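Printed here is final21.txt (compact mmCIF, C-alpha atoms):
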```
# COMPACT_ATOMS: atom_id res chain seq x y z
CA MET Z 1 85.49 137.04 86.12
CA LYS Z 2 87.97 134.74 84.40
CA ILE Z 3 90.84 133.15 86.29
CA LEU Z 4 93.97 131.38 85.07
CA LEU Z 5 95.45 128.79 87.42
CA VAL Z 6 99.10 127.83 86.86
CA ASP Z 7 100.62 124.96 88.82
CA ASP Z 8 102.70 121.98 87.70
CA GLU Z 9 100.64 119.66 89.92
CA GLU Z 10 97.86 118.80 87.47
CA GLU Z 11 95.77 116.93 90.02
CA LEU Z 12 95.76 120.05 92.20
CA VAL Z 13 95.01 122.65 89.61
CA SER Z 14 92.31 120.64 87.80
CA ALA Z 15 90.43 119.94 91.06
CA LEU Z 16 90.75 123.57 92.12
CA ALA Z 17 89.39 124.77 88.77
CA GLU Z 18 86.44 122.41 89.10
CA ARG Z 19 85.69 123.63 92.62
CA LEU Z 20 85.87 127.26 91.51
CA GLY Z 21 83.56 126.37 88.61
CA ILE Z 22 81.01 124.89 91.03
CA ARG Z 23 81.09 128.28 92.77
CA GLY Z 24 80.42 130.13 89.53
CA ILE Z 25 83.98 131.25 88.84
CA ASP Z 26 85.26 130.63 85.33
CA ALA Z 27 88.72 129.12 85.89
CA GLU Z 28 91.08 127.60 83.35
CA TRP Z 29 94.25 125.78 84.25
CA VAL Z 30 97.66 125.01 82.79
CA ILE Z 31 100.65 123.16 84.22
CA SER Z 32 103.56 125.29 83.04
CA GLY Z 33 104.60 128.88 82.54
CA GLU Z 34 105.07 128.26 78.82
CA GLU Z 35 101.46 127.03 78.52
CA ALA Z 36 100.28 130.06 80.48
CA LEU Z 37 101.93 132.38 77.98
CA LEU Z 38 100.18 130.59 75.12
CA ARG Z 39 96.83 130.63 76.92
CA VAL Z 40 96.78 134.37 77.57
CA LYS Z 41 96.98 134.90 73.81
CA ASP Z 42 93.61 133.20 73.36
CA GLY Z 43 91.65 134.70 76.17
CA LYS Z 44 91.55 137.61 78.49
CA PHE Z 45 91.98 136.73 82.14
CA ASP Z 46 91.24 139.03 85.03
CA LEU Z 47 93.54 137.28 87.45
CA ALA Z 48 96.21 134.59 87.54
CA VAL Z 49 96.94 132.30 90.47
CA LEU Z 50 100.59 131.30 90.12
CA ASP Z 51 102.60 128.62 91.86
CA VAL Z 52 105.91 130.14 93.00
CA LYS Z 53 108.01 127.06 92.24
CA LEU Z 54 107.08 126.31 88.66
CA PRO Z 55 109.58 124.21 86.69
CA LYS Z 56 111.75 126.02 84.14
CA LEU Z 57 109.90 129.32 84.06
CA GLY Z 58 109.26 130.14 87.74
CA GLY Z 59 106.18 131.94 89.04
CA ARG Z 60 107.86 135.30 89.63
CA LYS Z 61 109.46 135.39 86.19
CA LEU Z 62 106.17 134.33 84.62
CA LYS Z 63 104.37 137.19 86.39
CA LYS Z 64 106.85 139.70 84.95
CA ILE Z 65 106.26 138.43 81.40
CA LEU Z 66 102.48 138.25 81.87
CA GLN Z 67 102.43 141.80 83.22
CA GLU Z 68 103.90 143.07 79.96
CA LYS Z 69 101.36 141.14 77.89
CA CYS Z 70 98.34 141.77 80.11
CA PRO Z 71 98.91 144.93 82.15
CA ASP Z 72 95.49 144.82 83.80
CA MET Z 73 95.73 141.28 85.09
CA LYS Z 74 95.97 140.76 88.89
CA TYR Z 75 98.07 138.11 90.62
CA ILE Z 76 97.95 135.78 93.58
CA PHE Z 77 100.84 133.48 94.44
CA MET Z 78 100.48 130.03 95.98
CA THR Z 79 103.32 128.06 97.40
CA GLY Z 80 104.26 124.99 99.39
CA HIS Z 81 106.46 126.22 102.24
CA GLY Z 82 108.93 128.49 100.50
CA SER Z 83 112.02 130.15 101.88
CA GLU Z 84 112.06 133.36 103.88
CA ASP Z 85 113.68 135.04 100.85
CA ASP Z 86 110.75 133.97 98.63
CA PHE Z 87 108.27 135.29 101.19
CA GLN Z 88 110.01 138.68 101.46
CA SER Z 89 110.49 139.26 97.74
CA ILE Z 90 106.99 138.12 96.72
CA SER Z 91 105.36 140.02 99.57
CA ASN Z 92 107.14 143.14 98.35
CA GLU Z 93 105.86 142.55 94.83
CA VAL Z 94 102.22 141.64 95.33
CA GLY Z 95 101.62 142.23 99.04
CA LYS Z 96 101.85 139.50 101.65
CA GLU Z 97 98.06 139.16 101.68
CA TYR Z 98 98.27 137.73 98.15
CA TYR Z 99 100.90 135.13 99.00
CA LEU Z 100 99.01 132.01 100.05
CA PHE Z 101 100.38 128.80 101.50
CA LYS Z 102 99.21 125.41 100.28
CA PRO Z 103 96.92 123.75 101.15
CA VAL Z 104 94.68 126.76 100.51
CA ASP Z 105 91.15 127.02 101.86
CA ILE Z 106 88.92 127.65 98.85
CA ASP Z 107 86.80 130.26 100.63
CA ASP Z 108 89.99 132.17 101.55
CA LEU Z 109 91.18 131.93 97.96
CA ILE Z 110 87.89 133.28 96.61
CA LYS Z 111 88.00 136.11 99.16
CA LYS Z 112 91.53 137.00 98.03
CA ILE Z 113 90.54 136.78 94.37
CA LYS Z 114 87.72 139.26 94.95
CA GLU Z 115 89.95 141.56 96.99
CA ALA Z 116 92.66 141.49 94.35
CA LEU Z 117 90.21 142.25 91.56
CA HIS Z 118 88.89 145.25 93.42
CA SER Z 119 92.34 146.57 94.35
CA HIS Z 120 94.17 149.09 92.19
CA MET Q 1 142.37 119.18 109.41
CA ASN Q 2 140.11 121.05 111.83
CA SER Q 3 139.19 123.41 109.06
CA ASP Q 4 138.26 120.43 106.82
CA ILE Q 5 136.06 118.99 109.57
CA ASN Q 6 134.29 122.34 109.88
CA ILE Q 7 133.73 122.49 106.13
CA ILE Q 8 132.43 118.90 106.07
CA GLY Q 9 130.09 119.63 108.98
CA GLU Q 10 128.78 122.80 107.39
CA SER Q 11 128.33 121.13 104.02
CA GLY Q 12 126.51 118.20 105.64
CA LEU Q 13 124.09 120.50 107.44
CA GLN Q 14 123.42 122.46 104.26
CA PHE Q 15 122.79 119.23 102.36
CA PHE Q 16 120.46 117.92 105.06
CA GLY Q 17 118.59 121.24 105.19
CA LYS Q 18 118.22 121.51 101.44
CA ILE Q 19 116.91 117.97 101.01
CA SER Q 20 114.60 118.26 104.05
CA ALA Q 21 113.13 121.52 102.70
CA SER Q 22 112.57 119.90 99.32
CA ILE Q 23 110.87 116.89 100.94
CA SER Q 24 108.60 119.11 103.02
CA HIS Q 25 107.67 121.00 99.85
CA GLU Q 26 106.76 117.73 98.12
CA ILE Q 27 104.65 116.58 101.07
CA ASN Q 28 102.90 119.93 101.04
CA ASN Q 29 102.05 119.55 97.37
CA VAL Q 30 100.56 116.13 98.06
CA LEU Q 31 98.52 117.51 100.96
CA ALA Q 32 97.28 120.34 98.73
CA ILE Q 33 96.09 117.84 96.10
CA ILE Q 34 94.37 115.70 98.73
CA ASN Q 35 92.81 118.87 100.16
CA GLU Q 36 91.33 119.92 96.81
CA ASN Q 37 90.06 116.46 95.93
CA ALA Q 38 88.55 115.91 99.39
CA GLY Q 39 86.99 119.36 98.98
CA LEU Q 40 85.60 118.29 95.63
CA LEU Q 41 84.00 115.21 97.22
CA ASP Q 42 82.48 117.51 99.83
CA ASP Q 43 81.17 119.78 97.07
CA PHE Q 44 79.57 116.77 95.37
CA THR Q 45 77.78 115.73 98.57
CA ILE Q 46 76.44 119.28 99.01
CA MET Q 47 75.22 119.19 95.41
CA ALA Q 48 73.61 115.76 96.02
CA ASP Q 49 71.89 117.12 99.13
CA LYS Q 50 70.39 119.80 96.91
CA GLY Q 51 69.00 117.10 94.63
CA MET Q 52 71.58 117.27 91.85
CA PRO Q 53 72.43 113.83 90.48
CA ILE Q 54 76.11 112.84 90.87
CA ASP Q 55 77.66 110.28 88.55
CA PRO Q 56 79.29 107.59 90.74
CA LYS Q 57 82.14 107.44 88.22
CA ARG Q 58 83.08 111.01 89.16
CA LEU Q 59 83.17 110.08 92.84
CA LYS Q 60 85.28 107.02 92.09
CA ASN Q 61 87.64 109.08 89.97
CA VAL Q 62 88.24 111.63 92.73
CA ALA Q 63 88.63 108.91 95.37
CA SER Q 64 91.22 107.11 93.24
CA LYS Q 65 93.17 110.37 92.83
CA ILE Q 66 93.31 110.71 96.60
CA LEU Q 67 94.59 107.14 96.94
CA VAL Q 68 97.30 107.80 94.35
CA GLN Q 69 98.47 110.83 96.34
CA ILE Q 70 98.50 108.86 99.59
CA ARG Q 71 100.77 106.28 97.94
CA ARG Q 72 102.94 109.14 96.66
CA ALA Q 73 103.17 110.62 100.17
CA ASP Q 74 104.06 107.21 101.57
CA GLU Q 75 106.98 106.93 99.16
CA ILE Q 76 108.19 110.46 99.94
CA VAL Q 77 108.06 109.79 103.69
CA ARG Q 78 109.84 106.45 103.24
CA ASN Q 79 112.64 108.21 101.35
CA MET Q 80 112.80 110.89 104.03
CA ASN Q 81 113.10 108.21 106.69
CA THR Q 82 115.84 106.38 104.78
CA PHE Q 83 117.69 109.66 104.28
CA SER Q 84 117.46 110.57 107.98
CA HIS Q 85 118.75 107.15 109.02
CA THR Q 86 121.71 107.40 106.63
CA ILE Q 87 123.50 109.30 109.35
CA ASP Q 88 123.03 106.48 111.93
CA GLN Q 89 126.00 104.45 110.78
CA ILE Q 90 129.39 106.05 110.36
CA LYS Q 91 130.39 103.37 107.89
CA ALA Q 92 128.36 100.91 105.84
CA ASP Q 93 128.61 98.58 102.84
CA LEU Q 94 126.82 100.36 100.01
CA ASP Q 95 125.60 99.26 96.62
CA LEU Q 96 126.93 102.12 94.51
CA ARG Q 97 124.05 101.92 92.06
CA GLU Q 98 121.44 102.09 94.84
CA THR Q 99 123.23 105.03 96.44
CA VAL Q 100 123.35 107.01 93.20
CA GLU Q 101 119.70 106.21 92.45
CA PHE Q 102 118.73 107.34 95.93
CA VAL Q 103 120.51 110.70 95.60
CA VAL Q 104 118.89 111.18 92.19
CA THR Q 105 115.48 110.42 93.72
CA LEU Q 106 116.13 112.98 96.47
CA SER Q 107 117.20 115.48 93.80
CA HIS Q 108 114.13 114.92 91.63
CA ARG Q 109 112.51 118.28 92.46
CA PHE Q 110 115.72 120.22 91.81
CA ALA Q 111 116.14 118.57 88.42
CA SER Q 112 112.49 119.04 87.55
CA MET Q 113 112.61 122.76 88.46
CA ARG Q 114 115.52 123.20 86.06
CA GLY Q 115 113.86 121.06 83.36
CA ILE Q 116 116.69 118.52 83.52
CA THR Q 117 116.50 114.80 82.77
CA ILE Q 118 118.88 112.45 84.57
CA GLU Q 119 119.67 109.07 83.02
CA ILE Q 120 121.44 106.42 85.09
CA LYS Q 121 123.43 103.67 83.42
CA PRO Q 122 124.00 100.90 85.98
CA PRO Q 123 127.19 98.83 86.20
CA GLU Q 124 127.40 95.33 84.69
CA ASN Q 125 128.10 93.85 88.12
CA ILE Q 126 127.05 95.07 91.55
CA VAL Q 127 129.66 97.46 92.97
CA ILE Q 128 129.86 97.43 96.75
CA ILE Q 129 131.94 99.97 98.58
CA SER Q 130 132.46 100.41 102.29
CA THR Q 131 132.20 104.06 103.22
CA ALA Q 132 130.35 106.80 105.12
CA ALA Q 133 126.93 106.82 103.46
CA PHE Q 134 125.79 110.33 104.40
CA PHE Q 135 129.03 111.99 103.33
CA LEU Q 136 129.12 110.03 100.08
CA GLU Q 137 125.53 111.10 99.37
CA ASN Q 138 126.58 114.69 100.09
CA LEU Q 139 129.49 114.42 97.66
CA ILE Q 140 127.34 112.85 94.92
CA TRP Q 141 124.74 115.61 95.46
CA LEU Q 142 127.40 118.34 95.14
CA CYS Q 143 128.66 116.80 91.88
CA LEU Q 144 125.10 116.46 90.61
CA ASP Q 145 124.21 120.04 91.59
CA PHE Q 146 127.29 121.33 89.74
CA ALA Q 147 126.44 119.10 86.77
CA MET Q 148 122.87 120.42 86.66
CA ASN Q 149 124.22 123.94 86.19
CA ILE Q 150 126.27 122.98 83.15
CA THR Q 151 124.04 120.69 81.11
CA GLY Q 152 123.88 123.12 78.21
CA SER Q 153 120.91 123.04 75.85
CA ALA Q 154 120.50 119.23 76.00
CA LYS Q 155 119.36 119.51 79.63
CA THR Q 156 120.31 115.88 80.16
CA ILE Q 157 122.85 114.34 82.50
CA SER Q 158 124.02 110.76 82.04
CA ILE Q 159 125.32 109.07 85.16
CA LEU Q 160 127.39 105.98 84.49
CA ILE Q 161 128.33 103.69 87.37
CA GLU Q 162 131.34 101.52 86.69
CA GLU Q 163 133.52 99.03 88.53
CA THR Q 164 137.24 99.72 88.76
CA GLY Q 165 140.06 97.52 90.02
CA SER Q 166 140.15 99.43 93.31
CA GLY Q 167 136.45 100.14 93.80
CA GLY Q 168 134.01 102.06 91.66
CA ARG Q 169 133.57 105.26 89.75
CA ILE Q 170 130.64 107.53 88.95
CA ARG Q 171 130.76 109.45 85.67
CA PHE Q 172 128.57 112.50 85.22
CA ALA Q 173 128.60 112.80 81.42
CA GLY Q 174 127.06 114.94 78.71
CA LEU Q 175 127.87 118.22 80.45
CA GLU Q 176 127.72 120.41 77.35
CA GLY Q 177 128.29 123.64 79.25
CA LEU Q 178 131.50 122.48 80.98
CA THR Q 179 134.18 124.93 79.87
CA SER Q 180 137.80 124.94 81.04
CA GLU Q 181 137.05 128.09 83.09
CA LEU Q 182 134.22 126.32 84.92
CA ALA Q 183 136.35 123.19 85.31
CA ASP Q 184 138.82 125.34 87.26
CA THR Q 185 136.13 126.22 89.81
CA PHE Q 186 135.30 122.63 90.74
CA PRO Q 187 135.93 120.94 93.13
CA SER Q 188 135.65 123.80 95.61
CA ASP Q 189 136.75 123.59 99.26
CA ARG Q 190 133.59 121.68 100.20
CA GLU Q 191 134.05 118.90 97.66
CA THR Q 192 137.79 118.78 98.33
CA ALA Q 193 137.22 118.26 102.05
CA LEU Q 194 134.71 115.46 101.38
CA LEU Q 195 136.99 113.87 98.79
CA GLY Q 196 139.77 113.81 101.38
CA MET Q 197 137.53 112.32 104.04
CA LEU Q 198 136.24 109.60 101.70
CA LYS Q 199 139.73 108.94 100.29
CA SER Q 200 138.29 109.48 96.86
CA GLU Q 201 139.33 111.44 93.77
CA LEU Q 202 137.62 113.60 91.23
CA THR Q 203 138.62 114.50 87.72
CA VAL Q 204 136.92 117.28 85.77
CA SER Q 205 137.39 117.17 82.01
CA ALA Q 206 136.22 120.09 79.87
CA GLU Q 207 137.31 118.14 76.77
CA GLU Q 208 135.26 115.03 77.62
CA LYS Q 209 132.45 117.15 79.14
CA GLU Q 210 132.33 115.02 82.26
CA LEU Q 211 133.16 114.66 85.94
CA ILE Q 212 134.46 111.35 87.22
CA LEU Q 213 134.29 110.48 90.90
CA TYR Q 214 136.60 107.59 91.89
CA LEU Q 215 135.73 105.75 95.09
CA PRO Q 216 137.83 103.12 96.88
CA LYS Q 217 136.22 99.79 97.73
CA LEU Q 218 137.27 100.09 101.34
CA HIS Q 219 138.84 102.78 103.42
CA ASN Q 220 139.39 103.54 107.06
CA LEU Q 221 137.72 106.71 108.25
```
Show me this structure written as structure tokens.
Amino acid sequence: MKILLVDDEEELVSALAERLGIRGIDAEWVISGEEALLRVKDGKFDLAVLDVKLPKLGGRKLKKILQEKCPDMKYIFMTGHGSEDDFQSISNEVGKEYYLFKPVDIDDLIKKIKEALHSH
Amino acid sequence: MNSDINIIGESGLQFFGKISASISHEINNVLAIINENAGLLDDFTIMADKGMPIDPKRLKNVASKILVQIRRADEIVRNMNTFSHTIDQIKADLDLRETVEFVVTLSHRFASMRGITIEIKPPENIVIISTAAFFLENLIWLCLDFAMNITGSAKTISILIEETGSGGRIRFAGLEGLTSELADTFPSDRETALLGMLKSELTVSAEEKELILYLPKLHNL
């Protein structure tokens, strides 16, 4: 499986990618929605983990664009404590089980990644 | 007057809530980074236990990243503390430059989310005004929030702090998207109530593409 991590906190996303790599999961990372759009051109990803509050191009908008480019890709959202509105709208879109709050436990994240990849 | 007090109270609570939520979000990001890097150190020790050699430079690198985040958290919490204590004194002598810089610091996440750069041009001399700090911060935030919506393609706001004969002024300049229609919508009731309370004035110029907030050196609340 190949995962794309998108979060503007570079120190977070690089460490997370390394930890996933140690566990045998091929994860690449970028720090903006614009970079994510460029990256999906080069490689096929099975799943994207998106920060909700990305600068400029937010996580939800990015997901919509990515969905058009890569219809088979699955999504998990990660957020620092967002608003109730964010929680409701994202839960409606991807299911509340795929809306994770930072800090995320890596074993929980991997479990969700596997669940998402096996969901239809 | 009662209605103005209600508006000022409501606006103040909204401002406090918005900034507090932003601060908690920032702290959470820092905790998430510390969590991943501490997890990475843990992963390294598990690998070492299994006999895999670990380069000490990698350990040092991760440890230094954690220390950087702890310093970042310390600064965020210090700002949060300063912000919370702003409400302690009804009236205080304020350095206008420091006050503007503080509101800009508190607004950093909002600007960053919108991809906006804020440049501050300080005054030639220190400008001290005696006023209600929390309500002035609220008013500056409301002006800044409005300005951030009308930066146009440049995505840059210049804030100029200047001394006037009667006090000081804050100019929010370079607002490319400020049309005469938008100029008619600002100040709204919230800003008007705060302007009245702080005995200050605001001009909105679509021609000059700027807002100017005039503040008296001293006023009685």
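CA of Asp107 (chain Z) lies 21.9 Å from CA of Leu59 (chain Q).
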Report as a list of chain:residue names the set of chain Z residues whose atoms approach chain Q to within 6 Å, with distances computed over all atoms listed in the file.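 Using all atoms listed in the file, chain Z residues at most 6 Å from chain Q: Z:Leu12, Z:Ala15, Z:Leu16, Z:Pro55, Z:Lys56, Z:Gly80, Z:His81, Z:Lys102, Z:Pro103.
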Between Z:Leu117, Z:Ile22, Z:Leu54, Z:Val30, single out the one closest to Lys2 (chain Z), counting all atoms listed in the file. Z:Leu117
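For the set Z:Lys69, Z:Lys53, Z:Lys74, Z:Arg60, the residue with the smallest atom-to-atom gap to Leu37 (chain Z) is Z:Lys69, counting all atoms listed in the file.
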Rounded to one decimal place, report the CA of Gly33 (chain Z)-CA of Ile90 (chain Z) distance in Å. 17.1 Å
Proximity to Tyr75 (chain Z) - best of Z:Glu18, Z:Glu34, Z:Asp105, Z:Glu97, only C-alpha atoms: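 Once distances to Tyr75 (chain Z) are computed over only C-alpha atoms, the minimum belongs to Z:Glu97.
Between CA of Thr156 (chain Q) and CA of Ile120 (chain Q) the separation is 10.7 Å.
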Which residues are near Glu176 (chain Q)? Cut-off 12 Å, only C-alpha atoms, ignore same chain within fewer than 2 positions. Put them as an MDAnalysis selection string. chainID Q and resid 147:158 172:174 178:180 182 205:211
Can you write just those residues out, C-alpha atoms, as a compact mmCIF listing (two decimals), in the frame of the given file?
```
# COMPACT_ATOMS: atom_id res chain seq x y z
CA ALA Q 147 126.44 119.10 86.77
CA MET Q 148 122.87 120.42 86.66
CA ASN Q 149 124.22 123.94 86.19
CA ILE Q 150 126.27 122.98 83.15
CA THR Q 151 124.04 120.69 81.11
CA GLY Q 152 123.88 123.12 78.21
CA SER Q 153 120.91 123.04 75.85
CA ALA Q 154 120.50 119.23 76.00
CA LYS Q 155 119.36 119.51 79.63
CA THR Q 156 120.31 115.88 80.16
CA ILE Q 157 122.85 114.34 82.50
CA SER Q 158 124.02 110.76 82.04
CA PHE Q 172 128.57 112.50 85.22
CA ALA Q 173 128.60 112.80 81.42
CA GLY Q 174 127.06 114.94 78.71
CA LEU Q 178 131.50 122.48 80.98
CA THR Q 179 134.18 124.93 79.87
CA SER Q 180 137.80 124.94 81.04
CA LEU Q 182 134.22 126.32 84.92
CA SER Q 205 137.39 117.17 82.01
CA ALA Q 206 136.22 120.09 79.87
CA GLU Q 207 137.31 118.14 76.77
CA GLU Q 208 135.26 115.03 77.62
CA LYS Q 209 132.45 117.15 79.14
CA GLU Q 210 132.33 115.02 82.26
CA LEU Q 211 133.16 114.66 85.94
```
Between Q:Ala193, Q:Leu213, Q:Ile118, Q:Val204, smallest distance to Ile7 (chain Q) by all atoms listed in the file belongs to Q:Ala193
Which residues are close to Gly21 (chain Z), i.e. within 12 Å by all atoms listed in the file, leaving aside same-chain residues fewer than 2 positions away? Reply as a PyMOL selection string. (chain Z and resi 1-3+14-19+23-29+106+110) or (chain Q and resi 40+43)
Residue nearest Ile90 (chain Q) among Q:Leu67, Q:Leu175, Q:Ala133, Q:Ile76 (counting all atoms listed in the file):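 Ranked by minimum distance to Ile90 (chain Q), first place goes to Q:Ala133.
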